[in-house]
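target.txt (compact mmCIF, C-alpha atoms) appears below.
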```txt
# COMPACT_ATOMS: atom_id res chain seq x y z
CA PRO A 1 25.51 32.55 15.50
CA ALA A 2 26.26 32.64 19.20
CA VAL A 3 29.28 30.56 20.22
CA TRP A 4 29.14 28.29 23.30
CA ARG A 5 32.73 27.71 24.49
CA GLY A 6 32.07 26.82 28.10
CA ARG A 7 31.33 23.50 29.74
CA CYS A 8 28.36 21.34 28.84
CA LEU A 9 25.03 23.10 28.41
CA THR A 10 22.37 21.04 30.22
CA LEU A 11 18.64 21.28 29.65
CA ALA A 12 17.48 19.73 32.89
CA PRO A 13 13.98 18.51 33.78
CA GLY A 14 11.75 21.56 33.83
CA ALA A 15 13.15 22.96 30.58
CA ASP A 16 10.37 21.16 28.71
CA GLY A 17 9.88 22.30 25.13
CA ALA A 18 13.00 24.50 25.05
CA GLU A 19 14.56 25.36 21.70
CA VAL A 20 18.28 25.73 21.10
CA SER A 21 18.73 27.46 17.75
CA GLY A 22 21.68 28.88 15.83
CA PHE A 23 24.44 28.11 18.33
CA ARG A 24 27.98 26.98 17.56
CA PHE A 25 29.27 24.61 20.24
CA SER A 26 33.06 24.43 20.53
CA THR A 27 34.03 22.20 23.46
CA HIS A 28 36.36 19.32 24.32
CA GLY A 29 33.77 17.32 26.30
CA ASP A 30 30.00 16.99 26.06
CA ALA A 31 28.46 19.96 24.31
CA LEU A 32 24.72 19.60 24.99
CA THR A 33 22.91 17.34 27.46
CA VAL A 34 19.15 16.99 27.12
CA GLN A 35 17.13 15.70 30.08
CA ALA A 36 13.84 17.51 29.47
CA PRO A 37 11.14 16.35 27.05
CA GLY A 38 10.14 18.16 23.89
CA VAL A 39 13.45 19.96 23.29
CA ARG A 40 14.30 21.18 19.76
CA VAL A 41 17.89 21.66 18.59
CA VAL A 42 17.83 23.55 15.29
CA LYS A 43 20.54 24.91 12.98
CA CYS A 44 23.37 24.35 15.46
CA ARG A 45 27.00 23.47 14.72
CA PHE A 46 29.05 21.23 16.95
CA ARG A 47 32.87 21.09 16.91
CA GLY A 48 35.28 19.35 19.24
CA GLY A 49 33.98 16.73 21.68
CA ASP A 50 30.70 14.84 21.95
CA GLY A 51 27.64 16.52 20.52
CA ILE A 52 24.19 15.79 21.99
CA SER A 53 23.69 13.34 24.86
CA GLY A 54 21.28 12.65 27.68
CA ALA A 55 18.51 10.46 29.05
CA GLY A 56 14.83 11.14 29.60
CA GLY A 57 14.51 13.80 26.94
CA ASP A 58 11.62 12.20 25.08
CA ASP A 59 10.44 13.70 21.77
CA LEU A 60 13.79 15.39 21.17
CA VAL A 61 14.11 16.93 17.69
CA VAL A 62 17.52 17.57 16.11
CA SER A 63 17.06 19.35 12.79
CA ARG A 64 19.40 20.97 10.25
CA CYS A 65 22.48 20.65 12.44
CA ASP A 66 26.13 20.03 11.56
CA LEU A 67 28.17 17.80 13.90
CA ARG A 68 31.86 17.26 13.12
CA SER A 69 34.89 15.57 14.74
CA GLY A 70 35.22 14.34 18.32
CA GLY A 71 33.34 11.48 19.99
CA ARG A 72 29.69 10.59 19.56
CA ALA A 73 27.53 13.01 17.65
CA VAL A 74 24.26 11.87 19.26
CA ASP A 75 24.05 9.54 22.27
CA VAL A 76 20.61 9.61 23.89
CA ASP A 77 18.28 7.31 25.78
CA ALA A 78 14.78 8.58 25.02
CA SER A 79 11.67 7.72 23.03
CA GLY A 80 10.27 9.62 20.07
CA VAL A 81 13.61 11.11 18.99
CA THR A 82 13.76 12.71 15.51
CA LEU A 83 17.07 13.31 13.76
CA GLU A 84 16.57 15.00 10.42
CA ARG A 85 18.29 17.07 7.72
CA THR A 86 21.60 16.82 9.60
CA ARG A 87 25.21 16.22 8.61
CA ILE A 88 27.62 14.19 10.76
CA ALA A 89 31.31 13.85 9.88
CA HIS A 90 34.67 12.60 11.19
CA HIS A 91 33.68 11.01 14.49
CA ASP A 92 36.17 8.71 16.18
CA SER A 93 33.53 6.75 18.10
CA GLY A 94 30.24 5.37 16.80
CA PRO A 95 28.62 8.64 15.76
CA VAL A 96 25.00 7.90 16.71
CA GLU A 97 23.42 5.68 19.36
CA ILE A 98 19.77 6.18 20.22
CA VAL A 99 18.00 3.87 22.67
CA GLY A 100 14.22 4.22 22.71
CA ASP A 101 11.07 3.45 20.75
CA ASP A 102 9.69 5.46 17.82
CA THR A 103 12.99 6.97 16.65
CA VAL A 104 12.92 8.69 13.24
CA VAL A 105 16.05 9.32 11.15
CA ASP A 106 15.36 11.19 7.93
CA ARG A 107 17.72 12.80 5.41
CA VAL A 108 20.93 12.47 7.41
CA LEU A 109 24.41 12.38 5.85
CA LEU A 110 27.21 10.51 7.64
CA SER A 111 30.81 10.50 6.42
CA GLY A 112 34.24 9.65 7.78
CA SER A 113 33.36 7.67 10.92
CA THR A 114 36.47 5.76 12.01
CA ASP A 115 35.32 3.43 14.79
CA ASP A 116 32.34 1.44 16.10
CA SER A 117 28.91 1.44 14.44
CA GLY A 118 27.63 4.15 12.18
CA PHE A 119 24.04 4.49 13.38
CA GLU A 120 22.90 2.11 16.12
CA LEU A 121 19.22 2.44 16.97
CA ARG A 122 17.70 0.22 19.65
CA GLY A 123 13.97 0.21 20.13
CA ASP A 124 10.68 -0.67 18.46
CA ARG A 125 9.04 1.15 15.55
CA VAL A 126 12.27 2.79 14.41
CA ARG A 127 12.17 4.44 10.98
CA VAL A 128 15.26 5.27 8.91
CA GLU A 129 14.72 6.91 5.53
CA ARG A 130 16.83 8.83 3.02
CA PHE A 131 19.94 8.34 5.13
CA ARG A 132 23.28 8.38 3.29
CA THR A 133 26.67 7.26 4.50
CA ARG A 134 30.00 7.02 2.75
CA SER A 135 33.57 6.05 3.69
CA THR A 136 32.85 4.76 7.20
CA TRP A 137 34.81 2.15 9.12
CA ASN A 138 32.07 -0.10 10.47
CA HIS A 139 28.28 -0.50 10.23
CA GLY A 140 26.19 1.87 8.20
CA ILE A 141 22.78 1.32 9.85
CA VAL A 142 22.05 -1.01 12.79
CA VAL A 143 18.50 -1.43 14.09
CA ARG A 144 17.69 -3.74 17.01
CA GLY A 145 13.96 -3.86 17.68
CA ASP A 146 10.60 -4.87 16.21
CA ASP A 147 8.44 -3.21 13.54
CA CYS A 148 11.19 -1.09 12.02
CA VAL A 149 11.23 0.53 8.58
CA VAL A 150 14.55 1.01 6.76
CA ARG A 151 13.78 2.55 3.39
CA ARG A 152 15.44 4.48 0.52
CA ASN A 153 18.87 4.73 2.16
CA VAL A 154 22.30 4.72 0.48
CA VAL A 155 25.31 3.11 2.18
CA GLU A 156 28.65 3.34 0.39
CA GLY A 157 32.25 2.36 1.05
CA LEU A 158 32.20 0.40 4.33
CA ILE A 159 35.37 -1.26 5.61
CA ASN A 160 33.88 -3.63 8.22
CA ASP A 161 30.45 -5.00 9.18
CA PRO A 162 27.13 -5.00 7.33
CA GLY A 163 25.85 -1.97 5.50
CA ILE A 164 22.35 -2.49 6.93
CA GLU A 165 21.83 -4.83 9.88
CA VAL A 166 18.37 -5.46 11.35
CA ASP A 167 17.64 -7.75 14.30
CA GLY A 168 13.92 -7.82 15.11
CA ASP A 169 10.52 -9.00 13.95
CA ARG A 170 8.26 -7.55 11.22
CA ALA A 171 11.01 -5.42 9.68
CA LEU A 172 10.50 -3.68 6.36
CA VAL A 173 13.80 -3.16 4.53
CA GLU A 174 13.17 -1.81 1.04
CA ASP A 175 14.57 0.29 -1.80
CA ASN A 176 18.03 0.67 -0.24
CA VAL A 177 21.35 0.76 -2.10
CA VAL A 178 24.50 -0.68 -0.51
CA SER A 179 27.79 -0.60 -2.41
CA GLY A 180 31.44 -1.33 -1.65
CA SER A 181 30.99 -3.28 1.60
CA LEU A 182 34.42 -4.91 1.89
CA ARG A 183 34.07 -7.71 4.47
CA TYR A 184 30.50 -8.32 5.63
CA PRO A 185 27.02 -8.57 4.05
CA GLY A 186 25.53 -5.54 2.42
CA ILE A 187 22.19 -6.36 4.09
CA ASP A 188 21.75 -8.71 7.07
CA VAL A 189 18.23 -9.29 8.48
CA ASP A 190 17.27 -11.72 11.25
CA GLY A 191 13.70 -11.87 12.57
CA GLN A 192 10.18 -13.12 12.04
CA ALA A 193 7.81 -11.92 9.30
CA PHE A 194 10.31 -9.57 7.66
CA THR A 195 10.01 -8.06 4.19
CA VAL A 196 13.29 -7.38 2.37
CA ARG A 197 12.27 -5.93 -0.97
CA GLY A 198 13.62 -3.91 -3.89
CA ASN A 199 17.16 -3.44 -2.54
CA ARG A 200 20.37 -3.27 -4.59
CA VAL A 201 23.71 -4.54 -3.29
CA LEU A 202 26.69 -3.76 -5.52
CA ASP A 203 30.37 -4.78 -5.36
CA SER A 204 30.14 -6.44 -1.96
CA ALA A 205 32.43 -8.43 0.31
CA ASP A 206 34.63 -11.45 -0.38
CA SER A 207 33.90 -13.03 3.03
CA PHE A 208 30.08 -13.00 3.36
CA PRO A 209 27.06 -13.10 1.03
CA ALA A 210 25.75 -9.81 -0.31
CA ILE A 211 22.34 -10.35 1.34
CA VAL A 212 21.65 -12.62 4.33
CA ALA A 213 18.08 -13.00 5.57
CA GLY A 214 16.34 -15.53 7.79
CA ASN A 215 13.69 -16.01 10.40
CA GLY A 216 15.18 -18.35 12.97
CA ALA A 217 12.50 -20.79 14.09
CA GLY A 218 10.18 -19.62 11.32
CA THR A 219 7.10 -18.78 13.40
CA GLY A 220 5.26 -15.49 13.56
CA GLY A 221 4.14 -14.79 9.98
CA GLN A 222 5.40 -14.94 6.42
CA ALA A 223 8.92 -13.73 5.75
CA VAL A 224 9.53 -12.37 2.23
CA LEU A 225 12.71 -11.71 0.25
CA ALA A 226 11.60 -10.16 -3.03
CA ASP A 227 12.80 -8.17 -6.06
CA ASN A 228 16.34 -7.56 -4.80
CA VAL A 229 19.35 -7.21 -7.12
CA VAL A 230 22.93 -8.25 -6.35
CA VAL A 231 25.73 -7.39 -8.78
CA GLY A 232 29.39 -8.16 -8.16
CA SER A 233 29.50 -10.13 -4.90
CA GLY A 234 32.92 -11.44 -3.87
CA MET A 235 31.17 -14.35 -2.12
CA HIS A 236 27.62 -15.73 -2.49
CA GLY A 237 24.80 -13.56 -3.77
CA ILE A 238 21.88 -14.26 -1.40
CA GLU A 239 21.73 -16.57 1.62
CA VAL A 240 18.44 -17.54 3.25
CA PHE A 241 18.00 -19.48 6.49
CA GLY A 242 15.23 -20.37 8.95
CA GLN A 243 11.90 -21.79 7.82
CA GLY A 244 9.29 -21.01 5.22
CA VAL A 245 10.75 -17.85 3.65
CA LEU A 246 9.26 -16.79 0.32
CA VAL A 247 12.14 -15.84 -2.02
CA THR A 248 10.77 -14.34 -5.22
CA GLY A 249 11.84 -12.18 -8.15
CA ASN A 250 15.46 -11.69 -7.05
CA ARG A 251 18.41 -11.41 -9.45
CA VAL A 252 22.10 -12.16 -8.82
CA GLU A 253 24.82 -11.33 -11.37
CA ASP A 254 28.57 -11.96 -11.33
CA CYS A 255 29.01 -13.42 -7.85
CA ALA A 256 32.30 -15.19 -7.11
CA ARG A 257 30.66 -18.26 -5.60
CA THR A 258 26.99 -19.39 -5.42
CA GLY A 259 24.04 -17.24 -6.44
CA PHE A 260 21.54 -18.51 -3.84
CA MET A 261 22.53 -20.47 -0.73
CA VAL A 262 19.49 -22.05 0.90
CA PHE A 263 19.61 -23.34 4.49
CA GLY A 264 16.88 -24.27 6.97
CA ALA A 265 13.65 -25.86 5.71
CA GLY A 266 10.42 -25.30 3.82
CA HIS A 267 11.35 -22.27 1.71
CA ARG A 268 9.76 -21.43 -1.62
CA LEU A 269 11.86 -19.86 -4.38
CA GLU A 270 10.01 -18.36 -7.36
CA ARG A 271 11.26 -16.54 -10.47
CA ASN A 272 14.79 -15.95 -9.21
CA VAL A 273 17.62 -15.51 -11.72
CA VAL A 274 21.38 -16.10 -11.44
CA VAL A 275 23.77 -15.02 -14.21
CA GLY A 276 27.49 -15.79 -14.11
CA ALA A 277 28.03 -17.46 -10.73
CA GLY A 278 31.57 -18.63 -9.98
CA GLU A 279 30.18 -21.86 -8.52
CA HIS A 280 26.51 -22.94 -8.48
CA GLY A 281 23.48 -20.94 -9.47
CA PHE A 282 21.37 -22.38 -6.63
CA ARG A 283 22.62 -24.60 -3.83
CA VAL A 284 19.98 -26.17 -1.61
CA ASP A 285 21.09 -27.46 1.81
CA ALA A 286 17.54 -27.39 3.19
CA ALA A 287 14.73 -29.93 3.27
CA GLY A 288 11.28 -29.39 1.80
CA VAL A 289 12.30 -26.55 -0.55
CA THR A 290 10.31 -25.77 -3.72
CA LEU A 291 11.87 -23.96 -6.67
CA VAL A 292 9.49 -22.64 -9.34
CA ASP A 293 10.55 -20.92 -12.59
CA CYS A 294 14.08 -20.23 -11.33
CA VAL A 295 16.88 -19.68 -13.87
CA ALA A 296 20.65 -20.29 -13.70
CA LEU A 297 22.75 -19.06 -16.64
CA GLU A 298 26.48 -19.49 -17.37
CA CYS A 299 27.51 -20.85 -13.97
CA GLU A 300 31.04 -22.18 -13.48
CA THR A 301 29.86 -25.37 -11.72
CA ASP A 302 26.21 -26.51 -11.49
CA GLY A 303 23.06 -24.64 -12.33
CA PHE A 304 21.18 -26.31 -9.46
CA ARG A 305 22.97 -28.26 -6.71
CA ILE A 306 20.89 -30.32 -4.26
CA VAL A 307 22.94 -31.77 -1.37
CA ALA A 308 22.34 -35.19 0.17
CA SER A 309 20.63 -33.88 3.31
CA ALA A 310 18.12 -31.81 1.30
CA THR A 311 15.19 -34.21 1.19
CA GLY A 312 11.83 -33.43 -0.38
CA VAL A 313 13.12 -30.78 -2.82
CA VAL A 314 10.94 -30.02 -5.87
CA LEU A 315 11.93 -28.16 -9.06
CA ASP A 316 9.08 -27.02 -11.29
CA GLY A 317 9.68 -25.17 -14.55
CA CYS A 318 13.29 -24.29 -13.73
CA ARG A 319 15.98 -23.67 -16.33
CA ALA A 320 19.75 -23.99 -16.49
CA SER A 321 21.90 -23.06 -19.47
CA GLY A 322 25.64 -23.04 -20.06
CA ALA A 323 26.68 -24.64 -16.77
CA ALA A 324 30.30 -25.82 -16.83
CA ALA A 325 29.27 -28.92 -14.88
CA CYS A 326 25.64 -30.04 -14.45
CA GLY A 327 22.37 -28.32 -15.15
CA LEU A 328 20.98 -30.19 -12.13
CA HIS A 329 23.27 -32.08 -9.78
CA ASN A 330 21.15 -34.04 -7.37
CA SER A 331 22.62 -35.76 -4.33
CA GLY A 332 19.35 -35.69 -2.39
CA THR A 333 15.85 -36.83 -3.33
CA ALA A 334 14.78 -34.01 -5.64
CA ALA A 335 11.87 -34.27 -8.06
CA PHE A 336 11.82 -32.17 -11.23
CA THR A 337 9.04 -31.44 -13.69
CA GLY A 338 8.83 -29.13 -16.70
CA CYS A 339 12.49 -28.09 -16.44
CA THR A 340 14.87 -27.19 -19.29
CA PHE A 341 18.61 -27.88 -19.33
CA THR A 342 20.56 -26.65 -22.37
CA GLY A 343 24.24 -26.36 -23.20
CA CYS A 344 25.49 -27.77 -19.89
CA ARG A 345 28.28 -30.35 -19.68
CA VAL A 346 25.77 -32.78 -18.17
CA ASP A 347 22.05 -32.13 -18.04
CA VAL A 348 21.27 -34.12 -14.89
CA ALA A 349 23.72 -35.81 -12.53
CA ASP A 350 21.88 -38.13 -10.15
CA ASP A 351 23.82 -39.57 -7.24
CA GLY A 352 20.85 -39.42 -4.89
CA THR A 353 17.28 -40.46 -5.65
CA LEU A 354 15.85 -38.21 -8.33
CA THR A 355 12.34 -38.33 -9.76
CA GLU A 356 11.99 -37.31 -13.41
CA GLY A 357 8.44 -36.02 -13.30
CA GLY A 358 7.93 -35.51 -17.03
CA GLY A 359 7.70 -32.52 -19.32
CA ASN A 360 11.43 -31.83 -19.03
CA THR A 361 13.69 -30.81 -21.94
CA PHE A 362 17.29 -31.97 -22.30
CA THR A 363 19.63 -30.93 -25.14
CA THR A 364 23.15 -31.90 -24.08
CA GLY A 365 24.69 -33.95 -26.88
CA GLY A 366 21.87 -32.91 -29.20
CA THR A 367 19.34 -35.50 -28.05
CA ASP A 368 16.16 -35.03 -26.10
CA SER A 369 17.05 -37.51 -23.38
CA PRO A 370 18.63 -36.94 -19.98
CA PRO A 371 22.30 -37.91 -19.69
CA VAL A 372 22.65 -39.15 -16.12
CA ASP A 373 25.99 -39.96 -14.50
```

Can you present the structure in this file as structure tokens?
Amino acid sequence: PAVWRGRCLTLAPGADGAEVSGFRFSTHGDALTVQAPGVRVVKCRFRGGDGISGAGGDDLVVSRCDLRSGGRAVDVDASGVTLERTRIAHHDSGPVEIVGDDTVVDRVLLSGSTDDSGFELRGDRVRVERFRTRSTWNHGIVVRGDDCVVRRNVVEGLINDPGIEVDGDRALVEDNVVSGSLRYPGIDVDGQAFTVRGNRVLDSADSFPAIVAGNGAGTGGQAVLADNVVVGSGMHGIEVFGQGVLVTGNRVEDCARTGFMVFGAGHRLERNVVVGAGEHGFRVDAAGVTLVDCVALECETDGFRIVASATGVVLDGCRASGAAACGLHNSGTAAFTGCTFTGCRVDVADDGTLTEGGGNTFTTGGTDSPPVD
């Protein structure tokens, strides 16, 4: 390939649709500045300083490139940018920052970033798929904008900050794997009408929950947290906040503290399972929450813990087994119907106002009656 050793190559307005292909850029400053729309950068290698920068170069395509060492790999302000089939390694500053709508990141490998965010993408309708990062200092993927899709990505070995962080409405975050996030959540989503589905968070931080998701004021459509798996959290498993989030089909195993922390109001939890929590299986600090067919097994404190401020909580068909303290510890005004508590130190501890709605099964002490303390 041709080698560009001079000062920055600039594709100024008027170079619309130009293609830069097969070059090796070896510079100490900016290597390539793109100001014209429709530019394609293909099969290029970048060594030394910053890689690709610029503003106004809409519909830029960076494909099958290799960017290593130096400052930012890609730092552009443009819409319709595509970054695909590219490797980025050993950047001292946040390797990628793209500001603009309709960005696409597909099949990109990031490794060895030592400062700032990994990928920070600001704009609406951003799509990140099949991205992989390992051994980076801070964020893996950050998206700030509405209607984004973050799907089928792998984030491994973060030191600081969330693996995937999304701030915007109507986000779809699904089928991602985050492992080894040391200090912050594996996945952190804040916005209206999100769907966080089918993700796995493994061996996560001891300071924050593995997954945090909420919708603020709770207006703007149904928010859904579904079919996610957390294994080995050093803190809580899943934390939900805001209003009216549907939390269904999630599983938390071996978390150091509580499986599900529930804040806000009006959420519905269905068919969620906690196995081996260091504290409670489910802790509800929110009013008007309904739990249906949820299961807490072998928790070190309570299976279900309802705090005093959590009024109007309903448990229907829930089950706790092997809790070291209480199957259900109610300090609020919970009502429970069709629930089963087996092998717990105390089936039901009621220091609030609890309604035994019938159809419940209690087996502590070998009798079918609820011990209440």

Size and centre in Å, one decimal, axis-aligned box, all listed stretch 243-252 of chain A atoms plus 6 Å per side, as lines of an AutoDock Vina configuration file:
```
center_x = 15.7
center_y = -16.6
center_z = -0.8
size_x = 24.8
size_y = 22.4
size_z = 29.3
```

I'd like the contact shell of A:Gly242 - 9 Å cut-off, all atoms listed in the file, skipping same-chain residues fewer than 5 positions apart - returned as an MDAnalysis selection string. chainID A and resid 213:218 263:267

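Across the model, the gap from atom CA of A:Arg271 to atom CA of A:Thr301 is 20.6 Å.
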
Atom CA of A:Arg127 to atom CA of A:Asp147: how many Å, to one decimal?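 Atom CA of A:Asp147 lies 8.9 Å from atom CA of A:Arg127.
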
What is the atom CA of A:Arg85-atom CA of A:Arg151 distance in Å, reported with one decimal?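 Here the two named atoms are 15.8 Å from each other.
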
Minimum-distance residue to A:Ser111, chosen among A:Asp16, A:Asp146, A:Asp285, A:Asp66 (using only C-alpha atoms):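 Among A:Asp16, A:Asp146, A:Asp285, A:Asp66, it is A:Asp66 that comes nearest to A:Ser111.
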
Expected residue set, 7 Å radius at (37.1, -13.9, 0.6), all atoms listed in the file, as a list of chain:residue names: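 Residues close enough to count: A:Asp206, A:Ser207, A:Gly234, A:Met235.
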
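If you count all atoms listed in the file and ignore residues fewer than 3 places along the chain from stretch 317-321 of chain A, what sits within 8 Å of it is Leu291, Val292, Asp293, Cys294, Val295, Ala296, Leu297, Glu298, Gly303, Phe304, Gly327, Leu328, Thr337, Gly338, Cys339, Thr340, Phe341, Thr342, Gly343 and Cys344 of chain A.
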
Surrounding residues of A:Glu84 excluding itself and chain neighbours under 2 positions, 9 Å, all atoms listed in the file, as a PyMOL selection string: chain A and resi 61-65+82+86-87+104-108

Closest to A:Glu120 among A:Asp30, A:Glu156, A:Asp77, A:Asp350, using only C-alpha atoms? A:Asp77

Shell of 12 Å around A:Cys44, only C-alpha atoms, local chain residues under 6 positions omitted, as a short mmCIF file (atom, residue, chain, number, x, y, z; two decimals) with C-alpha atoms, in the coordinates of the input:
```cif
data_model
loop_
_atom_site.label_atom_id
_atom_site.label_comp_id
_atom_site.auth_asym_id
_atom_site.auth_seq_id
_atom_site.Cartn_x
_atom_site.Cartn_y
_atom_site.Cartn_z
CA PRO A 1 25.51 32.55 15.50
CA ALA A 2 26.26 32.64 19.20
CA VAL A 3 29.28 30.56 20.22
CA TRP A 4 29.14 28.29 23.30
CA GLU A 19 14.56 25.36 21.70
CA VAL A 20 18.28 25.73 21.10
CA SER A 21 18.73 27.46 17.75
CA GLY A 22 21.68 28.88 15.83
CA PHE A 23 24.44 28.11 18.33
CA ARG A 24 27.98 26.98 17.56
CA PHE A 25 29.27 24.61 20.24
CA SER A 26 33.06 24.43 20.53
CA ALA A 31 28.46 19.96 24.31
CA LEU A 32 24.72 19.60 24.99
CA GLY A 51 27.64 16.52 20.52
CA ILE A 52 24.19 15.79 21.99
CA VAL A 62 17.52 17.57 16.11
CA SER A 63 17.06 19.35 12.79
CA ARG A 64 19.40 20.97 10.25
CA CYS A 65 22.48 20.65 12.44
CA ASP A 66 26.13 20.03 11.56
CA LEU A 67 28.17 17.80 13.90
CA ARG A 68 31.86 17.26 13.12
CA ARG A 85 18.29 17.07 7.72
CA THR A 86 21.60 16.82 9.60
CA ARG A 87 25.21 16.22 8.61
CA ILE A 88 27.62 14.19 10.76
#
```

Rank nothing, just name the residue among A:Gly288, A:Asn272, A:Leu172, A:Ile141 nearest to A:Gln243, using all atoms listed in the file.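 The closest residue to A:Gln243 is A:Gly288.
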
Any idea what's packed within 12 Å of A:Val240, counting only C-alpha atoms, ignoring anything in its chain fewer than 2 positions away? Could you give it as a PDB file with C-alpha atoms, in the frame of the given file?
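This is the output file around.pdb:
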```
ATOM      1  CA  ILE A 187      22.190  -6.360   4.090  1.00  0.00           C
ATOM      2  CA  ASP A 188      21.750  -8.710   7.070  1.00  0.00           C
ATOM      3  CA  VAL A 189      18.230  -9.290   8.480  1.00  0.00           C
ATOM      4  CA  ASP A 190      17.270 -11.720  11.250  1.00  0.00           C
ATOM      5  CA  GLY A 191      13.700 -11.870  12.570  1.00  0.00           C
ATOM      6  CA  VAL A 196      13.290  -7.380   2.370  1.00  0.00           C
ATOM      7  CA  PRO A 209      27.060 -13.100   1.030  1.00  0.00           C
ATOM      8  CA  ALA A 210      25.750  -9.810  -0.310  1.00  0.00           C
ATOM      9  CA  ILE A 211      22.340 -10.350   1.340  1.00  0.00           C
ATOM     10  CA  VAL A 212      21.650 -12.620   4.330  1.00  0.00           C
ATOM     11  CA  ALA A 213      18.080 -13.000   5.570  1.00  0.00           C
ATOM     12  CA  GLY A 214      16.340 -15.530   7.790  1.00  0.00           C
ATOM     13  CA  ASN A 215      13.690 -16.010  10.400  1.00  0.00           C
ATOM     14  CA  GLY A 216      15.180 -18.350  12.970  1.00  0.00           C
ATOM     15  CA  GLY A 218      10.180 -19.620  11.320  1.00  0.00           C
ATOM     16  CA  ALA A 223       8.920 -13.730   5.750  1.00  0.00           C
ATOM     17  CA  VAL A 224       9.530 -12.370   2.230  1.00  0.00           C
ATOM     18  CA  LEU A 225      12.710 -11.710   0.250  1.00  0.00           C
ATOM     19  CA  ALA A 226      11.600 -10.160  -3.030  1.00  0.00           C
ATOM     20  CA  HIS A 236      27.620 -15.730  -2.490  1.00  0.00           C
ATOM     21  CA  GLY A 237      24.800 -13.560  -3.770  1.00  0.00           C
ATOM     22  CA  ILE A 238      21.880 -14.260  -1.400  1.00  0.00           C
ATOM     23  CA  GLY A 242      15.230 -20.370   8.950  1.00  0.00           C
ATOM     24  CA  GLN A 243      11.900 -21.790   7.820  1.00  0.00           C
ATOM     25  CA  GLY A 244       9.290 -21.010   5.220  1.00  0.00           C
ATOM     26  CA  VAL A 245      10.750 -17.850   3.650  1.00  0.00           C
ATOM     27  CA  LEU A 246       9.260 -16.790   0.320  1.00  0.00           C
ATOM     28  CA  VAL A 247      12.140 -15.840  -2.020  1.00  0.00           C
ATOM     29  CA  THR A 248      10.770 -14.340  -5.220  1.00  0.00           C
ATOM     30  CA  GLY A 259      24.040 -17.240  -6.440  1.00  0.00           C
ATOM     31  CA  PHE A 260      21.540 -18.510  -3.840  1.00  0.00           C
ATOM     32  CA  MET A 261      22.530 -20.470  -0.730  1.00  0.00           C
ATOM     33  CA  VAL A 262      19.490 -22.050   0.900  1.00  0.00           C
ATOM     34  CA  PHE A 263      19.610 -23.340   4.490  1.00  0.00           C
ATOM     35  CA  GLY A 264      16.880 -24.270   6.970  1.00  0.00           C
ATOM     36  CA  ALA A 265      13.650 -25.860   5.710  1.00  0.00           C
ATOM     37  CA  GLY A 266      10.420 -25.300   3.820  1.00  0.00           C
ATOM     38  CA  HIS A 267      11.350 -22.270   1.710  1.00  0.00           C
ATOM     39  CA  ARG A 268       9.760 -21.430  -1.620  1.00  0.00           C
ATOM     40  CA  LEU A 269      11.860 -19.860  -4.380  1.00  0.00           C
ATOM     41  CA  PHE A 282      21.370 -22.380  -6.630  1.00  0.00           C
ATOM     42  CA  ARG A 283      22.620 -24.600  -3.830  1.00  0.00           C
ATOM     43  CA  VAL A 284      19.980 -26.170  -1.610  1.00  0.00           C
ATOM     44  CA  ASP A 285      21.090 -27.460   1.810  1.00  0.00           C
ATOM     45  CA  ALA A 286      17.540 -27.390   3.190  1.00  0.00           C
ATOM     46  CA  VAL A 289      12.300 -26.550  -0.550  1.00  0.00           C
TER      47      VAL A 289
END
```
